[in-house]
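Participant: Structure: target13.tsv, TSV, C-alpha atoms and all ligand atoms.
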chain	number	residue	atom	x	y	z
Y	576	MET	CA	8.51	-19.08	8.57
Y	577	ALA	CA	5.80	-19.32	5.95
Y	578	TYR	CA	2.26	-20.52	6.26
Y	579	ARG	CA	-0.87	-20.76	4.22
Y	580	HIS	CA	-3.71	-18.51	5.16
Y	581	SER	CA	-6.66	-20.44	6.52
Y	582	SER	CA	-9.53	-18.03	5.91
Y	583	TRP	CA	-8.92	-17.23	2.27
Y	584	GLY	CA	-10.15	-20.52	0.84
Y	585	ARG	CA	-13.74	-19.55	0.03
Y	586	SER	CA	-12.76	-16.84	-2.45
Y	587	LEU	CA	-9.86	-18.80	-3.90
Y	588	CYS	CA	-11.79	-20.42	-6.74
Y	589	CYS	CA	-13.32	-17.20	-8.00
Y	590	LEU	CA	-9.98	-15.43	-7.63
Y	591	VAL	CA	-8.19	-18.03	-9.72
Y	592	ALA	CA	-10.97	-17.95	-12.33
Y	593	ALA	CA	-10.90	-14.16	-12.44
Y	594	TRP	CA	-7.13	-14.19	-12.75
Y	595	MET	CA	-7.32	-16.52	-15.75
Y	596	VAL	CA	-9.80	-14.21	-17.45
Y	597	VAL	CA	-7.53	-11.26	-16.72
Y	598	SER	CA	-4.54	-13.13	-18.10
Y	599	LEU	CA	-6.39	-13.75	-21.36
Y	600	ASN	CA	-7.65	-10.22	-21.74
Y	601	ARG	CA	-4.57	-8.46	-20.44
Y	602	VAL	CA	-4.75	-4.73	-20.78
Y	603	LEU	CA	-8.06	-4.57	-22.62
Y	604	ALA	CA	-9.83	-5.90	-19.53
Y	605	GLN	CA	-11.77	-3.16	-17.82
Y	606	ALA	CA	-11.04	-3.53	-14.12
Y	607	PRO	CA	-13.96	-2.38	-11.97
Y	608	ALA	CA	-13.39	0.67	-9.77
Y	609	ASP	CA	-14.91	-1.04	-6.73
Y	610	GLY	CA	-11.73	-2.63	-5.37
Y	611	GLU	CA	-12.50	-6.23	-6.37
Y	612	VAL	CA	-9.27	-8.23	-6.22
Y	613	ARG	CA	-8.20	-10.12	-9.34
Y	614	GLU	CA	-4.75	-11.25	-8.37
Y	615	LYS	CA	-3.21	-14.69	-8.52
Y	616	PHE	CA	-3.16	-16.59	-5.24
Y	617	VAL	CA	0.10	-16.51	-3.32
Y	618	PRO	CA	0.12	-17.91	0.22
Y	619	ILE	CA	0.72	-15.35	2.98
Y	620	GLN	CA	4.32	-15.31	4.14
Y	621	VAL	CA	5.80	-14.00	7.37
Y	622	THR	CA	9.56	-13.39	7.37
Y	623	GLU	CA	11.78	-12.22	10.23
Y	624	VAL	CA	13.79	-9.66	8.24
Y	625	ALA	CA	15.95	-8.64	11.25
Y	626	PRO	CA	15.93	-9.84	14.87
Y	627	GLY	CA	12.42	-9.13	16.19
Y	628	LEU	CA	11.34	-7.35	13.00
Y	629	TYR	CA	8.72	-9.25	10.99
Y	630	PHE	CA	7.25	-8.66	7.54
Y	631	GLN	CA	3.94	-10.14	6.43
Y	632	TYR	CA	3.54	-10.36	2.66
Y	633	HIS	CA	-0.03	-10.81	1.43
Y	634	HIS	CA	0.06	-10.67	-2.35
Y	635	GLN	CA	-3.67	-10.25	-2.97
Y	636	GLU	CA	-4.19	-7.51	-0.41
Y	637	SER	CA	-1.64	-5.48	1.59
Y	638	ASN	CA	1.49	-5.97	3.68
Y	639	ASN	CA	2.45	-5.29	7.28
Y	640	ALA	CA	5.50	-5.21	9.50
Y	641	TRP	CA	5.87	-5.46	13.26
Y	642	LEU	CA	8.75	-4.91	15.65
Y	643	VAL	CA	8.88	-6.89	18.87
Y	644	THR	CA	10.72	-5.17	21.76
Y	645	ASP	CA	10.96	-5.75	25.52
Y	646	GLU	CA	8.44	-2.92	26.01
Y	647	GLY	CA	5.88	-4.13	23.49
Y	648	VAL	CA	5.12	-4.26	19.79
Y	649	LEU	CA	5.05	-1.62	17.06
Y	650	VAL	CA	2.86	-2.49	14.07
Y	651	VAL	CA	3.00	-0.90	10.63
Y	652	ASP	CA	-0.45	-0.64	8.97
Y	653	SER	CA	-3.59	-2.48	9.99
Y	654	ARG	CA	-5.10	-4.17	6.90
Y	655	GLN	CA	-8.34	-3.75	4.97
Y	656	HIS	CA	-10.97	-4.87	7.48
Y	657	PRO	CA	-11.11	-5.64	11.23
Y	658	LYS	CA	-11.36	-9.36	10.34
Y	659	ARG	CA	-8.02	-9.15	8.51
Y	660	ALA	CA	-6.61	-7.16	11.46
Y	661	GLU	CA	-7.64	-10.02	13.79
Y	662	GLU	CA	-5.69	-12.38	11.51
Y	663	LEU	CA	-2.71	-10.03	11.66
Y	664	LEU	CA	-2.95	-9.95	15.45
Y	665	ALA	CA	-3.00	-13.77	15.48
Y	666	ALA	CA	0.16	-13.81	13.34
Y	667	ILE	CA	1.80	-11.34	15.75
Y	668	ARG	CA	0.76	-13.57	18.67
Y	669	LYS	CA	2.74	-16.42	17.09
Y	670	THR	CA	5.86	-14.29	17.60
Y	671	THR	CA	5.22	-12.58	20.96
Y	672	ASP	CA	2.71	-12.12	23.78
Y	673	LYS	CA	3.83	-8.52	24.44
Y	674	PRO	CA	1.14	-5.81	24.12
Y	675	VAL	CA	0.79	-3.80	20.91
Y	676	LYS	CA	1.90	-0.29	21.93
Y	677	TYR	CA	2.07	1.58	18.63
Y	678	VAL	CA	0.44	1.40	15.21
Y	679	ILE	CA	1.82	3.49	12.34
Y	680	ASN	CA	-0.55	4.17	9.42
Y	681	THR	CA	1.72	4.86	6.45
Y	682	HIS	CA	-1.03	6.46	4.37
Y	683	ALA	CA	-4.80	6.85	4.23
Y	684	HIS	CA	-5.80	3.98	1.96
Y	685	GLY	CA	-8.37	1.64	3.44
Y	686	ASP	CA	-6.25	-1.45	2.83
Y	687	HIS	CA	-3.73	0.03	5.29
Y	688	TYR	CA	-5.97	1.48	8.03
Y	689	PHE	CA	-9.45	-0.14	8.01
Y	690	GLY	CA	-8.30	-2.64	10.67
Y	691	ASN	CA	-7.30	0.08	13.18
Y	692	ALA	CA	-10.20	-0.60	15.56
Y	693	VAL	CA	-8.77	-4.01	16.51
Y	694	PHE	CA	-5.52	-2.45	17.70
Y	695	LYS	CA	-7.37	0.41	19.40
Y	696	ARG	CA	-9.14	-2.26	21.46
Y	697	GLU	CA	-5.68	-3.65	22.30
Y	698	GLY	CA	-4.72	-0.23	23.70
Y	699	ALA	CA	-2.33	0.90	20.94
Y	700	THR	CA	-1.37	4.51	20.25
Y	701	PHE	CA	-1.74	5.50	16.58
Y	702	ILE	CA	0.79	7.64	14.73
Y	703	ALA	CA	0.61	9.09	11.20
Y	704	HIS	CA	1.65	12.13	9.21
Y	705	ARG	CA	-0.64	15.16	9.59
Y	706	ASP	CA	-1.70	14.89	5.92
Y	707	THR	CA	-2.64	11.24	6.43
Y	708	LEU	CA	-4.97	12.40	9.20
Y	709	ARG	CA	-6.45	15.03	6.83
Y	710	MET	CA	-6.87	12.46	4.06
Y	711	MET	CA	-8.69	10.14	6.50
Y	712	GLN	CA	-10.95	12.98	7.66
Y	713	VAL	CA	-11.81	14.14	4.13
Y	714	HIS	CA	-11.90	10.89	2.16
Y	715	HIS	CA	-12.91	8.08	4.54
Y	716	GLY	CA	-16.38	7.78	2.97
Y	717	ALA	CA	-14.92	7.66	-0.54
Y	718	GLU	CA	-12.36	5.06	0.58
Y	719	MET	CA	-15.22	2.88	1.84
Y	720	LYS	CA	-17.02	3.18	-1.51
Y	721	ARG	CA	-13.83	2.39	-3.41
Y	722	ARG	CA	-13.74	-0.99	-1.64
Y	723	VAL	CA	-17.35	-2.17	-1.99
Y	724	GLY	CA	-16.24	-4.91	-4.43
Y	725	TYR	CA	-13.69	-6.16	-1.91
Y	726	PHE	CA	-16.29	-6.36	0.87
Y	727	LYS	CA	-18.67	-8.28	-1.44
Y	728	GLN	CA	-15.93	-10.62	-2.56
Y	729	THR	CA	-14.76	-11.46	0.97
Y	730	GLY	CA	-18.17	-11.35	2.64
Y	731	PHE	CA	-16.81	-8.89	5.20
Y	732	ASP	CA	-19.35	-6.43	6.61
Y	733	PRO	CA	-18.40	-2.83	5.76
Y	734	ALA	CA	-20.33	-1.71	8.87
Y	735	ASP	CA	-17.57	-3.30	11.00
Y	736	VAL	CA	-15.06	-0.73	9.73
Y	737	ARG	CA	-14.66	2.24	12.07
Y	738	LEU	CA	-12.46	5.26	11.41
Y	739	VAL	CA	-9.75	5.36	14.07
Y	740	PRO	CA	-7.62	8.46	13.40
Y	741	PRO	CA	-4.04	8.89	14.64
Y	742	ASP	CA	-3.46	10.01	18.26
Y	743	ILE	CA	-0.14	11.59	17.33
Y	744	THR	CA	0.79	13.30	14.05
Y	745	PHE	CA	4.16	14.55	12.83
Y	746	ASP	CA	5.32	16.97	10.12
Y	747	ASP	CA	8.82	16.05	8.90
Y	748	LYS	CA	10.38	13.49	11.21
Y	749	LEU	CA	9.55	11.61	14.39
Y	750	THR	CA	12.04	9.37	16.16
Y	751	LEU	CA	10.72	6.69	18.51
Y	752	HIS	CA	13.04	5.22	21.14
Y	753	PHE	CA	11.15	2.14	22.09
Y	754	GLY	CA	12.29	-0.94	24.02
Y	755	GLY	CA	15.93	-0.31	23.16
Y	756	ARG	CA	15.17	0.08	19.45
Y	757	VAL	CA	15.07	3.16	17.24
Y	758	VAL	CA	12.34	3.76	14.66
Y	759	GLU	CA	12.38	6.87	12.48
Y	760	LEU	CA	9.23	8.13	10.73
Y	761	LEU	CA	10.28	10.27	7.77
Y	762	TYR	CA	8.35	12.55	5.46
Y	763	VAL	CA	10.01	13.70	2.25
Y	764	GLY	CA	6.89	15.12	0.61
Y	765	PRO	CA	4.12	13.29	-1.18
Y	766	GLY	CA	4.85	10.30	-3.39
Y	767	GLN	CA	1.77	8.23	-4.12
Y	768	ASN	CA	-0.13	10.24	-1.49
Y	769	PRO	CA	-0.05	13.34	0.64
Y	770	GLY	CA	1.28	12.09	3.99
Y	771	ASP	CA	3.30	9.09	2.73
Y	772	THR	CA	5.34	7.98	5.73
Y	773	LEU	CA	8.61	6.07	5.46
Y	774	VAL	CA	9.23	3.86	8.49
Y	775	TYR	CA	12.98	3.49	8.86
Y	776	PHE	CA	14.72	0.99	11.11
Y	777	PRO	CA	18.26	2.40	10.87
Y	778	LYS	CA	20.13	-0.23	12.86
Y	779	GLU	CA	18.39	-3.04	11.01
Y	780	LYS	CA	18.85	-1.26	7.62
Y	781	VAL	CA	15.20	-1.87	6.77
Y	782	LEU	CA	12.73	0.64	5.29
Y	783	PHE	CA	8.95	0.15	5.13
Y	784	SER	CA	7.23	2.29	2.54
Y	785	GLY	CA	3.47	1.75	2.40
Y	786	GLY	CA	2.32	3.76	-0.64
Y	787	PRO	CA	5.33	4.86	-2.68
Y	788	PHE	CA	7.08	1.52	-3.08
Y	789	SER	CA	5.67	-1.91	-3.88
Y	790	LYS	CA	7.96	-4.49	-5.43
Y	791	ASN	CA	6.98	-5.44	-8.96
Y	792	SER	CA	3.57	-3.83	-8.53
Y	793	TRP	CA	1.78	-0.99	-10.35
Y	794	PRO	CA	0.81	1.66	-7.79
Y	795	ASN	CA	-2.46	3.54	-8.16
Y	796	PRO	CA	-1.65	7.10	-9.37
Y	797	MET	CA	-5.08	8.46	-8.42
Y	798	PHE	CA	-3.77	10.43	-5.43
Y	799	THR	CA	-0.35	11.74	-6.37
Y	800	PRO	CA	0.01	15.52	-6.52
Y	801	SER	CA	3.45	15.08	-8.17
Y	802	MET	CA	4.70	12.07	-10.09
Y	803	SER	CA	8.11	13.73	-10.41
Y	804	ASN	CA	8.40	14.13	-6.63
Y	805	TRP	CA	7.42	10.47	-6.31
Y	806	VAL	CA	10.20	9.42	-8.68
Y	807	VAL	CA	12.73	11.61	-6.80
Y	808	MET	CA	11.53	10.11	-3.52
Y	809	LEU	CA	12.13	6.56	-4.78
Y	810	ARG	CA	15.63	7.51	-5.91
Y	811	LYS	CA	16.31	9.06	-2.47
Y	812	MET	CA	15.06	5.86	-0.84
Y	813	ALA	CA	17.40	3.78	-3.01
Y	814	ALA	CA	20.32	5.98	-1.87
Y	815	MET	CA	19.59	5.35	1.85
Y	816	ASP	CA	21.58	3.01	4.07
Y	817	VAL	CA	19.03	0.21	3.60
Y	818	ASP	CA	19.38	-3.45	2.64
Y	819	ARG	CA	15.73	-4.49	2.56
Y	820	TYR	CA	12.74	-2.52	1.33
Y	821	LEU	CA	9.31	-3.52	2.55
Y	822	GLY	CA	6.46	-2.23	0.40
Y	823	GLY	CA	2.78	-1.81	1.14
Y	824	HIS	CA	2.29	-4.44	-1.59
Y	825	GLY	CA	4.60	-6.97	-3.19
Y	826	ASP	CA	7.42	-9.01	-1.74
Y	827	ILE	CA	10.62	-7.87	0.02
Y	828	GLY	CA	12.62	-5.62	-2.28
Y	829	ALA	CA	16.21	-4.59	-2.88
Y	830	LYS	CA	17.59	-1.24	-4.11
Y	831	GLN	CA	17.20	-2.31	-7.74
Y	832	ASP	CA	13.49	-2.96	-7.22
Y	833	VAL	CA	13.04	0.59	-5.92
Y	834	LEU	CA	14.93	1.97	-8.91
Y	835	ASN	CA	12.86	-0.22	-11.26
Y	836	GLU	CA	9.67	1.32	-9.91
Y	837	ALA	CA	11.14	4.83	-10.30
Y	838	GLN	CA	11.84	4.00	-13.97
Y	839	MET	CA	8.38	2.50	-14.51
Y	840	LEU	CA	6.71	5.63	-13.09
Y	841	ALA	CA	8.97	7.92	-15.12
Y	842	ASP	CA	8.02	5.92	-18.27
Y	843	PHE	CA	4.32	6.06	-17.35
Y	844	ASP	CA	4.52	9.81	-16.76
Y	845	ALA	CA	6.36	10.44	-20.05
Y	846	GLY	CA	4.08	8.10	-22.06
Y	847	MET	CA	0.92	9.67	-20.66
Y	848	ARG	CA	2.18	13.22	-21.23
Y	849	ALA	CA	3.00	12.41	-24.86
Y	850	ALA	CA	-0.46	10.83	-25.40
Y	851	VAL	CA	-2.28	13.76	-23.79
Y	852	ALA	CA	-0.23	16.21	-25.90
Y	853	LYS	CA	-1.58	14.38	-28.98
Y	854	GLY	CA	-5.12	14.88	-27.66
Y	855	MET	CA	-5.75	11.16	-27.03
Y	856	SER	CA	-8.64	10.13	-24.77
Y	857	PRO	CA	-8.16	7.56	-21.98
Y	858	GLN	CA	-9.91	4.92	-24.17
Y	859	GLU	CA	-7.61	5.65	-27.11
Y	860	ILE	CA	-4.56	5.43	-24.87
Y	861	LEU	CA	-5.77	2.12	-23.46
Y	862	LYS	CA	-6.44	0.71	-26.94
Y	863	SER	CA	-2.89	1.56	-27.98
Y	864	ALA	CA	-1.78	-1.16	-25.47
Y	865	PRO	CA	0.62	1.16	-23.68
Y	866	PHE	CA	3.32	0.23	-21.19
Y	867	GLU	CA	3.41	-3.35	-22.55
Y	868	LYS	CA	6.92	-3.68	-21.18
Y	869	TYR	CA	5.38	-3.74	-17.69
Y	870	ARG	CA	2.50	-6.13	-18.44
Y	871	ASP	CA	3.72	-8.77	-15.98
Y	872	VAL	CA	3.83	-6.32	-13.10
Y	873	ARG	CA	1.14	-6.91	-10.45
Y	874	ASN	CA	-2.01	-4.77	-10.87
Y	875	TYR	CA	-1.51	-4.28	-14.64
Y	876	TYR	CA	-5.14	-5.33	-15.13
Y	877	ARG	CA	-6.09	-2.04	-13.50
Y	878	MET	CA	-4.39	-0.03	-16.25
Y	879	ASN	CA	-7.74	1.35	-17.43
Y	880	LEU	CA	-8.23	2.98	-14.01
Y	881	PHE	CA	-4.64	4.25	-13.86
Y	882	ILE	CA	-4.85	5.80	-17.33
Y	883	ASN	CA	-8.18	7.44	-16.48
Y	884	SER	CA	-6.92	8.95	-13.26
Y	885	TYR	CA	-3.59	10.17	-14.61
Y	886	HIS	CA	-5.34	11.57	-17.71
Y	887	HIS	CA	-7.54	13.50	-15.29
Y	888	PHE	CA	-4.44	14.82	-13.49
Y	889	LEU	CA	-2.70	15.89	-16.70
Y	890	THR	CA	-5.76	17.59	-18.14
Y	891	THR	CA	-7.03	19.31	-14.97
Y	892	GLY	CA	-3.82	19.81	-12.97
Y	893	LYS	CA	-5.35	18.06	-9.93
Y	894	PRO	CA	-5.32	14.45	-8.76
Y	895	GLN	CA	-8.69	12.65	-8.79
Y	896	VAL	CA	-8.45	12.39	-5.01
Y	897	ALA	CA	-6.88	15.49	-3.49
Y	898	LEU	CA	-6.74	17.44	-0.26
Y	899	PRO	CA	-8.90	20.60	-0.39
X	901	ZN	ZN	-2.51	-0.39	-0.67
Kindly transcribe the structure held in the file into structure tokens.
Facilitator:
Amino acid sequence: MAYRHSSWGRSLCCLVAAWMVVSLNRVLAQAPADGEVREKFVPIQVTEVAPGLYFQYHHQESNNAWLVTDEGVLVVDSRQHPKRAEELLAAIRKTTDKPVKYVINTHAHGDHYFGNAVFKREGATFIAHRDTLRMMQVHHGAEMKRRVGYFKQTGFDPADVRLVPPDITFDDKLTLHFGGRVVELLYVGPGQNPGDTLVYFPKEKVLFSGGPFSKNSWPNPMFTPSMSNWVVMLRKMAAMDVDRYLGGHGDIGAKQDVLNEAQMLADFDAGMRAAVAKGMSPQEILKSAPFEKYRDVRNYYRMNLFINSYHHFLTTGKPQVALP
């Protein structure tokens, strides 16, 4: 099923206008660092990717999945604000009236965990990797600041966001046997983030990857401690027994989409290393209109921020946002 989101309308006009400006300016646009969204409007879509397993694709913001079982519901990620989490809960309620038992936070970015409080109220148990918990503890305040533009744009009150940390953490692997279904949480090291959790539904041959994979979408490299590990991780994911890849952003993907992202990141890494070796500043790299080949990939308008943060990594040896 697919439906148009009812509450988005107010910001639609400014989004479309902003998108047109971005289209004209392309890479030379300087995206603000405050999380304002300048993406084209695509209606929210909910797809049942396997029996009882649903994927919600929200192009402008972030994606979710939920699994409906006889014992209750497992939800992957909780959106960018409690108001968005209420909308997610309403979408879930169109598919089941069972209680939400588990919420997995795939990584510690606000657009994937700021809605946690709504599911806490519903009585859910929260699960995440131990490094995701640490990232939440250390960087929650910075995450809030990074999204000020989003709060302004949507009119959502930042004061409504409450940090709800995981109740259960895991190190390498956690297998849930839940309502006759099996869900495996896997950690193969950091990709986009310390703590990146892969949520694997082995019988359904579906993999949800919140941070590392997003179909046809530039990921933010501000957090990665190892771009090469990230590329290896994507190639490992592509080799898994999986038919459908659900990203934290972007639409439903296939193996080739995962491999495409691995190539894009490898090209970004190599291009940035070559530029830094020549002594180029972030502004000089940006002016050289780099990575043109990937200009139609979602989030390209944020290239100024990506170049800045990866330049920082290559010149200091540390990601802009790191665990102490
Ligand atoms: Zn995200």
Participant: For Y:Leu782, please output as a list in words all residues within 8 Å (counting all atoms listed in the file; exclusion window: fewer than 3 positions along the same chain).
Facilitator: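 Listed by chain and then number, they are Leu773, Val774, Tyr775, Phe776, Val817, Arg819, Tyr820 and Leu821 of chain Y.
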Participant: Have a look at Y:Arg696, Y:Arg705, Y:Lys811, Y:His682 and name the one nearest to ligand ZN 901 (chain X); count all atoms listed in the file.
Facilitator: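 Comparing Y:Arg696, Y:Arg705, Y:Lys811, Y:His682 against ligand ZN 901 (chain X), the winner is Y:His682.
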Participant: May I have the residues within 6 Å of ligand ZN 901 (chain X), computed using all atoms listed in the file, as a list in words?
Facilitator: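 For ligand ZN 901 (chain X), the residues inside 6 Å are Ser637, Asp686 and Gly823 of chain Y.
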Participant: So that I can see what lies close to Y:Val757, please list as a list in words the residues with an atom at most 12 Å from it, counting all atoms listed in the file and leaving out residues fewer than 6 positions away in the same chain.
Facilitator: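 Once the adjacent positions are removed, what remains is Leu628, Leu642, Val643, Thr644, Leu649, Leu749, Thr750, Leu751, Val774, Tyr775, Phe776, Pro777, Lys778, Glu779, Lys780 and Val781 of chain Y.
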Participant: May I have the residues from that selection written out with C-alpha atoms, as a PDB file, keeping the file's coordinate frame?
Facilitator:
ATOM      1  CA  LEU Y 628      11.340  -7.350  13.000  1.00  0.00           C
ATOM      2  CA  LEU Y 642       8.750  -4.910  15.650  1.00  0.00           C
ATOM      3  CA  VAL Y 643       8.880  -6.890  18.870  1.00  0.00           C
ATOM      4  CA  THR Y 644      10.720  -5.170  21.760  1.00  0.00           C
ATOM      5  CA  LEU Y 649       5.050  -1.620  17.060  1.00  0.00           C
ATOM      6  CA  LEU Y 749       9.550  11.610  14.390  1.00  0.00           C
ATOM      7  CA  THR Y 750      12.040   9.370  16.160  1.00  0.00           C
ATOM      8  CA  LEU Y 751      10.720   6.690  18.510  1.00  0.00           C
ATOM      9  CA  VAL Y 774       9.230   3.860   8.490  1.00  0.00           C
ATOM     10  CA  TYR Y 775      12.980   3.490   8.860  1.00  0.00           C
ATOM     11  CA  PHE Y 776      14.720   0.990  11.110  1.00  0.00           C
ATOM     12  CA  PRO Y 777      18.260   2.400  10.870  1.00  0.00           C
ATOM     13  CA  LYS Y 778      20.130  -0.230  12.860  1.00  0.00           C
ATOM     14  CA  GLU Y 779      18.390  -3.040  11.010  1.00  0.00           C
ATOM     15  CA  LYS Y 780      18.850  -1.260   7.620  1.00  0.00           C
ATOM     16  CA  VAL Y 781      15.200  -1.870   6.770  1.00  0.00           C
TER      17      VAL Y 781
END
Participant: Please report as JSON lines every residue of stretch 731-803 of chain Y lying within 9 Å of stretch 850-871 of chain Y, along with the nearest atom pair and their distance in Å (one decimal), using all atoms listed in the file.
Facilitator:
{"residue": "Y:Asn791", "atom": "CA", "partner": "Y:Asp871", "partner_atom": "CA", "distance": 8.4}
{"residue": "Y:Ser792", "atom": "CA", "partner": "Y:Asp871", "partner_atom": "CA", "distance": 8.9}
{"residue": "Y:Trp793", "atom": "CA", "partner": "Y:Tyr869", "partner_atom": "CA", "distance": 8.6}
Participant: In Å, how far is it from atom CA of Y:Ser884 to atom CA of Y:Asp826?
Facilitator: 25.7 Å
Participant: So, counting all atoms listed in the file, which residue among Y:Lys720, Y:Lys830, Y:Arg659, Y:His886 is closest to Y:Ala849?
Facilitator: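 Selected residue with least distance to Y:Ala849: Y:His886.
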Participant: May I ask which of the residues Y:Gln635, Y:Asn804, Y:Gln605, Y:Thr681 is the closest one to Y:Val763, counting all atoms listed in the file?
Facilitator: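 For Y:Val763, the nearest of the candidates is Y:Asn804.
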Participant: In Å, how far is it from atom CA of Y:Asp742 to atom CA of Y:Ile827?
Facilitator: 29.2 Å
Participant: For Y:Leu898, list every protein, DNA or RNA residue within 9 Å, evaluated using only C-alpha atoms, and leave out those in the same chain fewer than 5 positions away; present the list as a PyMOL selection string.
Facilitator: chain Y and resi 706+709-710+713-714+769
Participant: Rounded to one decimal place, report the atom CA of Y:Asn795-atom CA of Y:Gln767 distance in Å.
Facilitator: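 The value is 7.5 Å.
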Participant: Mind listing whatever residues come within 12 Å of the point (17.2, 5.1, -12.1)? Use all atoms listed in the file, file coordinates, and give them as a ChimeraX atom specification.
Facilitator: /Y:806-814,830-842
Participant: Need the shell around Y:Pro674: protein/DNA/RNA residues with any atom at most 12 Å away, counting only C-alpha atoms. Skip same-chain ones fewer than 6 positions apart. Format as a list of chain:residue names?
Facilitator: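 Near Y:Pro674, the qualifying residues are Y:Trp641, Y:Leu642, Y:Val643, Y:Thr644, Y:Asp645, Y:Glu646, Y:Gly647, Y:Val648, Y:Leu649, Y:Val650, Y:Leu664, Y:Ile667, Y:Arg668, Y:Phe694, Y:Lys695, Y:Arg696, Y:Glu697, Y:Gly698, Y:Ala699, Y:Thr700.
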Participant: Point out the residue among Y:Gly730, Y:Pro626, Y:Gly785, Y:Gly828 with the least atom-to-atom distance to Y:Arg756, counting all atoms listed in the file.
Facilitator: Y:Pro626
Participant: Could you pull the residues within 8 Å of Y:Thr744, counting only C-alpha atoms, minus those fewer than 5 positions along the same chain, as a list in words?
Facilitator: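 So the residues in contact are Ile702, Ala703, His704, Arg705 and Leu708 of chain Y.
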Participant: For Y:Ala845, which residue out of Y:Thr772, Y:Asn638, Y:Ser803, Y:Thr622 is the nearest one, using only C-alpha atoms?
Facilitator: Y:Ser803
Participant: Render stretch 829-840 of chain Y from the structure in the preceding block as a file of N, CA and C atoms, as a compact mmCIF listing (two decimals), in the first residue's frame.
Facilitator:
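As written to disk, result.txt reads:
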# COMPACT_ATOMS: atom_id res chain seq x y z
N ALA Y 829 18.51 -3.42 -3.95
CA ALA Y 829 18.95 -4.76 -4.33
C ALA Y 829 20.47 -4.83 -4.13
N LYS Y 830 21.04 -6.01 -4.37
CA LYS Y 830 22.50 -6.18 -4.15
C LYS Y 830 23.30 -5.12 -4.92
N GLN Y 831 22.88 -4.86 -6.16
CA GLN Y 831 23.64 -3.91 -6.98
C GLN Y 831 23.66 -2.51 -6.36
N ASP Y 832 22.58 -2.14 -5.70
CA ASP Y 832 22.53 -0.82 -5.05
C ASP Y 832 23.56 -0.74 -3.91
N VAL Y 833 23.72 -1.86 -3.20
CA VAL Y 833 24.69 -1.90 -2.10
C VAL Y 833 26.10 -1.80 -2.67
N LEU Y 834 26.33 -2.52 -3.76
CA LEU Y 834 27.65 -2.46 -4.40
C LEU Y 834 27.91 -1.07 -5.00
N ASN Y 835 26.87 -0.44 -5.52
CA ASN Y 835 27.02 0.92 -6.06
C ASN Y 835 27.48 1.89 -4.97
N GLU Y 836 26.88 1.74 -3.78
CA GLU Y 836 27.29 2.64 -2.70
C GLU Y 836 28.74 2.36 -2.29
N ALA Y 837 29.11 1.07 -2.26
CA ALA Y 837 30.50 0.73 -1.91
C ALA Y 837 31.45 1.41 -2.91
N GLN Y 838 31.10 1.40 -4.18
CA GLN Y 838 31.95 2.03 -5.21
C GLN Y 838 31.99 3.55 -5.04
N MET Y 839 30.83 4.13 -4.76
CA MET Y 839 30.76 5.59 -4.57
C MET Y 839 31.65 6.02 -3.40
N LEU Y 840 31.59 5.26 -2.29
CA LEU Y 840 32.41 5.61 -1.12
C LEU Y 840 33.89 5.39 -1.41
